[in-house]
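Next comes run_21.csv, a file with CSV, C-alpha atoms and all ligand atoms.
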```csv
chain,number,residue,atom,x,y,z
A,1,MET,CA,-40.7,17.6,15.1
A,2,GLN,CA,-39.1,21.1,15.5
A,3,THR,CA,-37.3,22.6,12.5
A,4,PRO,CA,-33.8,21.2,12.9
A,5,GLN,CA,-31.0,23.6,13.7
A,6,ALA,CA,-28.4,20.9,13.1
A,7,TYR,CA,-28.1,18.1,10.6
A,8,PHE,CA,-26.0,14.9,10.7
A,9,PHE,CA,-25.4,13.3,7.4
A,10,ASP,CA,-24.1,9.8,6.6
A,11,LEU,CA,-21.7,9.8,3.6
A,12,ASP,CA,-21.7,6.6,1.5
A,13,GLY,CA,-25.2,6.0,0.1
A,14,THR,CA,-26.6,9.2,1.5
A,15,LEU,CA,-24.6,12.2,0.2
A,16,VAL,CA,-22.5,10.3,-2.4
A,17,GLU,CA,-22.9,7.1,-4.4
A,18,THR,CA,-19.5,5.6,-3.7
A,19,ALA,CA,-20.1,1.8,-4.2
A,20,PRO,CA,-19.0,1.5,-7.8
A,21,GLU,CA,-15.5,2.9,-7.2
A,22,ILE,CA,-15.2,1.0,-3.9
A,23,ALA,CA,-15.9,-2.2,-5.8
A,24,ASP,CA,-13.3,-1.2,-8.4
A,25,ALA,CA,-10.7,-0.7,-5.7
A,26,VAL,CA,-11.6,-4.0,-3.9
A,27,ASN,CA,-11.4,-5.9,-7.2
A,28,ASP,CA,-8.1,-4.1,-8.1
A,29,THR,CA,-6.8,-5.5,-4.8
A,30,LEU,CA,-8.1,-9.0,-5.3
A,31,ARG,CA,-6.7,-9.2,-8.8
A,32,TYR,CA,-3.3,-8.0,-7.5
A,33,PHE,CA,-3.2,-11.1,-5.3
A,34,ASP,CA,-4.8,-13.4,-7.9
A,35,TRP,CA,-7.9,-13.9,-5.9
A,36,PRO,CA,-11.3,-14.0,-7.6
A,37,GLU,CA,-13.3,-10.8,-7.9
A,38,VAL,CA,-16.5,-10.0,-6.0
A,39,SER,CA,-19.7,-8.5,-7.4
A,40,GLN,CA,-21.1,-5.0,-7.1
A,41,GLN,CA,-24.0,-6.3,-5.0
A,42,GLN,CA,-21.7,-8.0,-2.5
A,43,VAL,CA,-19.8,-4.8,-2.1
A,44,ASN,CA,-23.0,-2.7,-1.7
A,45,ASP,CA,-24.1,-5.1,1.1
A,46,TRP,CA,-20.7,-4.9,2.9
A,47,ILE,CA,-20.8,-1.0,3.1
A,48,GLY,CA,-21.5,0.5,6.5
A,49,HIS,CA,-18.8,-0.5,9.0
A,50,GLY,CA,-15.9,1.2,7.3
A,51,THR,CA,-13.6,0.3,4.4
A,52,LYS,CA,-11.3,-2.0,6.4
A,53,GLU,CA,-14.3,-4.1,7.5
A,54,LEU,CA,-15.5,-4.2,3.9
A,55,LEU,CA,-12.1,-5.6,2.8
A,56,ILE,CA,-12.3,-8.2,5.6
A,57,GLN,CA,-15.6,-9.4,4.3
A,58,ALA,CA,-14.3,-9.5,0.7
A,59,LEU,CA,-11.2,-11.5,1.8
A,60,ALA,CA,-13.3,-13.9,3.9
A,61,SER,CA,-15.6,-14.4,0.9
A,62,VAL,CA,-12.9,-15.1,-1.8
A,63,THR,CA,-10.6,-17.2,0.4
A,64,SER,CA,-13.5,-19.1,2.1
A,65,THR,CA,-12.0,-18.1,5.5
A,66,PRO,CA,-14.0,-17.2,8.6
A,67,VAL,CA,-14.2,-13.4,9.2
A,68,GLU,CA,-12.5,-13.6,12.6
A,69,ALA,CA,-9.5,-15.5,11.1
A,70,VAL,CA,-9.2,-12.9,8.3
A,71,ARG,CA,-9.2,-10.1,10.8
A,72,LYS,CA,-6.1,-11.6,12.5
A,73,GLY,CA,-4.4,-13.1,9.4
A,74,ALA,CA,-1.5,-12.2,7.1
A,75,ASP,CA,-3.7,-11.7,4.0
A,76,LEU,CA,-5.4,-8.7,5.5
A,77,LYS,CA,-2.1,-7.2,6.5
A,78,GLN,CA,-0.8,-7.5,3.0
A,79,ALA,CA,-4.0,-6.4,1.3
A,80,LEU,CA,-4.6,-3.2,3.3
A,81,PRO,CA,-1.7,-1.1,1.8
A,82,ILE,CA,-2.5,-2.3,-1.7
A,83,PHE,CA,-6.2,-1.5,-1.2
A,84,ASP,CA,-5.2,1.9,0.2
A,85,ARG,CA,-3.3,2.8,-3.0
A,86,TYR,CA,-6.0,1.6,-5.3
A,87,TYR,CA,-8.9,3.2,-3.4
A,88,GLN,CA,-7.1,6.6,-3.2
A,89,ALA,CA,-6.6,6.4,-7.0
A,90,ARG,CA,-10.2,5.3,-7.7
A,91,CYS,CA,-11.8,8.0,-5.4
A,92,GLY,CA,-13.8,10.3,-7.6
A,93,THR,CA,-13.7,8.2,-10.8
A,94,ARG,CA,-17.1,6.5,-10.4
A,95,SER,CA,-18.7,8.3,-7.5
A,96,HIS,CA,-21.3,11.1,-7.7
A,97,LEU,CA,-23.4,13.2,-5.5
A,98,TYR,CA,-27.1,12.2,-5.3
A,99,PRO,CA,-29.6,14.6,-6.7
A,100,GLN,CA,-30.0,18.0,-4.9
A,101,VAL,CA,-27.3,17.3,-2.3
A,102,ARG,CA,-25.2,20.3,-3.1
A,103,GLU,CA,-28.2,22.6,-3.4
A,104,VAL,CA,-29.8,21.4,-0.2
A,105,LEU,CA,-26.6,21.7,1.8
A,106,SER,CA,-26.1,25.3,0.6
A,107,ALA,CA,-29.7,26.2,1.5
A,108,LEU,CA,-29.4,24.7,5.0
A,109,ARG,CA,-26.1,26.5,5.4
A,110,ALA,CA,-27.7,29.8,4.3
A,111,ARG,CA,-30.4,29.3,7.0
A,112,GLY,CA,-27.6,29.1,9.6
A,113,CYS,CA,-27.9,25.4,10.3
A,114,LYS,CA,-25.0,23.4,11.7
A,115,LEU,CA,-24.0,20.6,9.3
A,116,ALA,CA,-21.9,17.5,10.1
A,117,VAL,CA,-20.9,14.3,8.2
A,118,VAL,CA,-20.8,11.2,10.4
A,119,THR,CA,-19.4,8.3,8.4
A,120,ASN,CA,-17.7,5.0,9.3
A,121,LYS,CA,-15.4,5.5,6.4
A,122,GLU,CA,-11.8,6.0,7.5
A,123,GLY,CA,-10.7,9.7,7.6
A,124,ARG,CA,-8.1,9.5,4.9
A,125,TYR,CA,-10.8,8.3,2.4
A,126,THR,CA,-13.5,10.6,3.7
A,127,ASP,CA,-11.2,13.5,3.1
A,128,THR,CA,-10.5,12.4,-0.5
A,129,VAL,CA,-14.1,11.7,-1.3
A,130,LEU,CA,-15.3,15.1,0.0
A,131,ARG,CA,-12.4,16.9,-1.8
A,132,VAL,CA,-13.0,15.3,-5.2
A,133,HIS,CA,-16.6,16.4,-5.0
A,134,ASP,CA,-15.8,19.8,-3.7
A,135,LEU,CA,-17.7,19.2,-0.5
A,136,HIS,CA,-14.9,19.6,2.0
A,137,ALA,CA,-15.9,23.1,3.0
A,138,ALA,CA,-19.6,22.3,3.2
A,139,PHE,CA,-19.6,21.0,6.8
A,140,ASP,CA,-18.9,22.4,10.2
A,141,VAL,CA,-17.7,19.0,11.4
A,142,VAL,CA,-16.6,15.8,9.7
A,143,VAL,CA,-16.5,12.7,11.8
A,144,SER,CA,-15.0,9.5,10.3
A,145,GLY,CA,-14.8,6.0,11.5
A,146,ASP,CA,-11.4,6.6,13.1
A,147,SER,CA,-12.0,10.0,14.5
A,148,PHE,CA,-13.1,8.6,17.9
A,149,PRO,CA,-12.2,5.3,19.5
A,150,VAL,CA,-15.8,4.2,18.8
A,151,LYS,CA,-17.8,4.5,15.5
A,152,LYS,CA,-21.5,4.4,14.5
A,153,PRO,CA,-23.8,3.1,16.0
A,154,ASP,CA,-22.1,4.5,19.0
A,155,PRO,CA,-23.6,8.0,19.5
A,156,THR,CA,-20.4,9.6,20.9
A,157,SER,CA,-19.6,11.9,17.9
A,158,VAL,CA,-23.2,13.1,17.6
A,159,VAL,CA,-23.5,13.8,21.4
A,160,ASP,CA,-20.2,15.6,21.2
A,161,CYS,CA,-21.3,17.9,18.4
A,162,LEU,CA,-24.6,18.7,20.1
A,163,LYS,CA,-22.7,19.6,23.3
A,164,ARG,CA,-20.4,21.8,21.3
A,165,TRP,CA,-23.3,23.5,19.5
A,166,ASP,CA,-25.3,23.8,22.7
A,167,LEU,CA,-28.3,22.1,21.1
A,168,LYS,CA,-30.7,19.4,22.4
A,169,ALA,CA,-31.0,16.1,20.5
A,170,THR,CA,-34.5,17.0,19.4
A,171,GLN,CA,-33.2,20.2,17.7
A,172,ALA,CA,-31.2,18.0,15.3
A,173,LEU,CA,-31.9,15.5,12.5
A,174,PHE,CA,-29.9,12.5,11.4
A,175,VAL,CA,-30.1,11.8,7.6
A,176,GLY,CA,-28.8,8.4,6.6
A,177,ASP,CA,-29.4,5.2,4.5
A,178,SER,CA,-29.0,2.3,6.9
A,179,SER,CA,-29.9,0.5,10.1
A,180,ILE,CA,-26.5,1.7,11.5
A,181,ASP,CA,-27.5,5.3,11.0
A,182,ALA,CA,-31.0,4.7,12.5
A,183,ALA,CA,-29.3,3.1,15.6
A,184,THR,CA,-26.8,5.9,15.9
A,185,ALA,CA,-29.5,8.5,15.8
A,186,ARG,CA,-31.7,6.6,18.3
A,187,ASN,CA,-28.7,6.1,20.6
A,188,ALA,CA,-28.2,9.9,20.6
A,189,GLY,CA,-31.9,10.6,20.9
A,190,VAL,CA,-31.9,12.4,17.6
A,191,PRO,CA,-34.8,12.0,15.0
A,192,VAL,CA,-33.8,10.1,11.9
A,193,TRP,CA,-34.9,10.2,8.3
A,194,LEU,CA,-33.6,7.5,5.9
A,195,LEU,CA,-33.2,7.6,2.1
A,196,PRO,CA,-34.0,4.4,0.3
A,197,TYR,CA,-31.4,4.5,-2.5
A,198,GLY,CA,-28.2,3.8,-0.4
A,199,TYR,CA,-26.6,0.8,1.2
A,200,ASN,CA,-28.5,-1.0,3.9
A,201,MET,CA,-26.9,-4.4,3.9
A,202,GLY,CA,-29.7,-5.7,1.6
A,203,GLU,CA,-32.5,-4.7,3.9
A,204,SER,CA,-35.4,-2.2,3.2
A,205,VAL,CA,-34.9,1.0,5.1
A,206,HIS,CA,-38.6,0.7,6.3
A,207,ALA,CA,-37.4,-2.2,8.5
A,208,CYS,CA,-35.3,0.3,10.5
A,209,ALA,CA,-38.5,2.2,11.5
A,210,PRO,CA,-37.1,5.7,10.9
A,211,ASP,CA,-39.2,8.7,11.7
A,212,ARG,CA,-39.5,9.2,8.0
A,213,VAL,CA,-38.4,7.6,4.7
A,214,ILE,CA,-37.7,10.4,2.2
A,215,GLU,CA,-37.3,9.9,-1.5
A,216,ASP,CA,-34.5,12.5,-2.0
A,217,PHE,CA,-32.8,15.5,-0.5
A,218,SER,CA,-35.5,18.0,-1.5
A,219,ALA,CA,-37.6,16.7,1.4
A,220,LEU,CA,-35.1,18.4,3.7
A,221,LEU,CA,-36.2,21.9,2.6
B,1,LIG,O1,-17.3,3.1,4.6
B,1,LIG,C1,-18.4,2.5,5.1
B,1,LIG,O2,-18.5,1.3,5.1
B,1,LIG,C2,-19.5,3.3,5.6
B,1,LIG,O3,-19.6,4.6,5.3
B,1,LIG,P1,-21.0,5.4,5.8
B,1,LIG,O4,-20.9,5.4,7.3
B,1,LIG,O5,-20.7,6.8,5.2
B,1,LIG,O6,-22.2,4.7,5.2
```

Please go through the file and, once you have read it, give me the structure as structure tokens.
Ligand SMILES: O=C(O)COP(=O)(O)O
Amino acid sequence: MQTPQAYFFDLDGTLVETAPEIADAVNDTLRYFDWPEVSQQQVNDWIGHGTKELLIQALASVTSTPVEAVRKGADLKQALPIFDRYYQARCGTRSHLYPQVREVLSALRARGCKLAVVTNKEGRYTDTVLRVHDLHAAFDVVVSGDSFPVKKPDPTSVVDCLKRWDLKATQALFVGDSSIDAATARNAGVPVWLLPYGYNMGESVHACAPDRVIEDFSALL
């Protein structure tokens, strides 16, 4: 593999451990409506398709309703603004950067590499999470789940960045924690390295057959 000139990073489970405060916000919401709470493990396994999808899974679970019915139903409509308020308040309370993230991002920046976040989290939450961790100025591009009409694993955002930077797919690297990230990278033709500590819907990252599984961010230097 060539030395990458551009890096695409997933957010939740790759740059920042966010699951504890996401679970807090989900359970705040469920309590508000007198529904039973969900476990941390359930929340971890629902991360990956964006926060709205996660809330749909939680509502389906606690109300024993099929996911497709929740998606179209009144419960979701009522729960979304309540969740929004709680999640914005919880952002930064129990999340933290994984080891070496800040140092490695600075080092890659200093080398002149292009850096992007590509997350399925909705933009208003991505912005808050990056700001509370003082990461909002660390990237050339931030792509959220609602930045384009399509989200990961669709490669549109990655392809768009490469075009803007005039780089080939093989000159970049995607760094993530899930099968969604692996599929996004493959769909864009970009090599992918996965971290084993994030959220991969209960599956081992080895099952996603990435180009490499790395233990932590220091492997990027
Ligand atoms: O919010 C989510 O479910 C996913 O976020 P991620 O794409 O950063 O893992």

For A:Asp45, which of A:Gly112, A:Pro4, A:Gly13, A:Gly189 is the closest residue, counting all atoms listed in the file?
->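 Of all the options, A:Gly13 lies closest to A:Asp45.
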
Which is closer to A:Asp84 than all the others in A:Gly176, A:Asp28, A:Cys161, A:Asp12, using all atoms listed in the file?
->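 Ranked by minimum distance to A:Asp84, first place goes to A:Asp28.
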
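With distances taken over only C-alpha atoms and all ligand atoms, A:Gly50 is the one residue among A:Gly198, A:Gly50, A:Pro66, A:Pro155 lying closest to ligand LIG 1 (chain B).
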
Quick one: residues within 8 Å of stretch 60-64 of chain A, all atoms listed in the file counted, chain neighbours fewer than 4 positions away excluded, as a list of chain:residue names?
->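 Skipping anything fewer than 4 positions along the chain leaves A:Trp35, A:Pro36, A:Glu37, A:Val38, A:Ile56, A:Val70.
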
Could you tell me which of A:Ile180, A:Val175, A:Val104, A:Tyr197 comes closest to A:Asp211 if we count all atoms listed in the file?
->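 Using all atoms listed in the file, the shortest distance to A:Asp211 belongs to A:Val175.
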
What separation in Å, quoted to one decimal, exists between atom CA of A:Gln40 and atom CA of A:Arg94?
-> 12.6 Å

Within 8 Å of ligand LIG 1 (chain B), counting only C-alpha atoms and all ligand atoms, which protein or nucleic acid residues do you find, written as a VMD selection string?
-> chain A and resid 10 to 14 46 to 51 53 to 54 118 to 122 144 to 145 152 176 to 178 180 to 181 199

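Excluding A:Val190 itself and any same-chain residue fewer than 6 positions from it, the protein and nucleic acid residues within 10 Å of it, counting only C-alpha atoms, are A:Tyr7, A:Phe8, A:Pro155, A:Val158, A:Val159, A:Leu162, A:Lys168, A:Ala169, A:Thr170, A:Gln171, A:Ala172, A:Leu173, A:Phe174, A:Ala182, A:Ala183, A:Thr184.
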
C-alpha atoms of the current selection, written as a short mmCIF file (atom, residue, chain, number, x, y, z; two decimals), keeping the file's coordinate frame:
```cif
data_model
loop_
_atom_site.label_atom_id
_atom_site.label_comp_id
_atom_site.auth_asym_id
_atom_site.auth_seq_id
_atom_site.Cartn_x
_atom_site.Cartn_y
_atom_site.Cartn_z
CA TYR A 7 -28.10 18.10 10.60
CA PHE A 8 -26.00 14.90 10.70
CA PRO A 155 -23.60 8.00 19.50
CA VAL A 158 -23.20 13.10 17.60
CA VAL A 159 -23.50 13.80 21.40
CA LEU A 162 -24.60 18.70 20.10
CA LYS A 168 -30.70 19.40 22.40
CA ALA A 169 -31.00 16.10 20.50
CA THR A 170 -34.50 17.00 19.40
CA GLN A 171 -33.20 20.20 17.70
CA ALA A 172 -31.20 18.00 15.30
CA LEU A 173 -31.90 15.50 12.50
CA PHE A 174 -29.90 12.50 11.40
CA ALA A 182 -31.00 4.70 12.50
CA ALA A 183 -29.30 3.10 15.60
CA THR A 184 -26.80 5.90 15.90
#
```

In Å to one decimal, how far is atom CA of A:Ile22 from atom CA of A:Leu130?
-> 14.6 Å

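Atom CA of A:Val129 sits 21.2 Å away from atom CA of A:Leu194.
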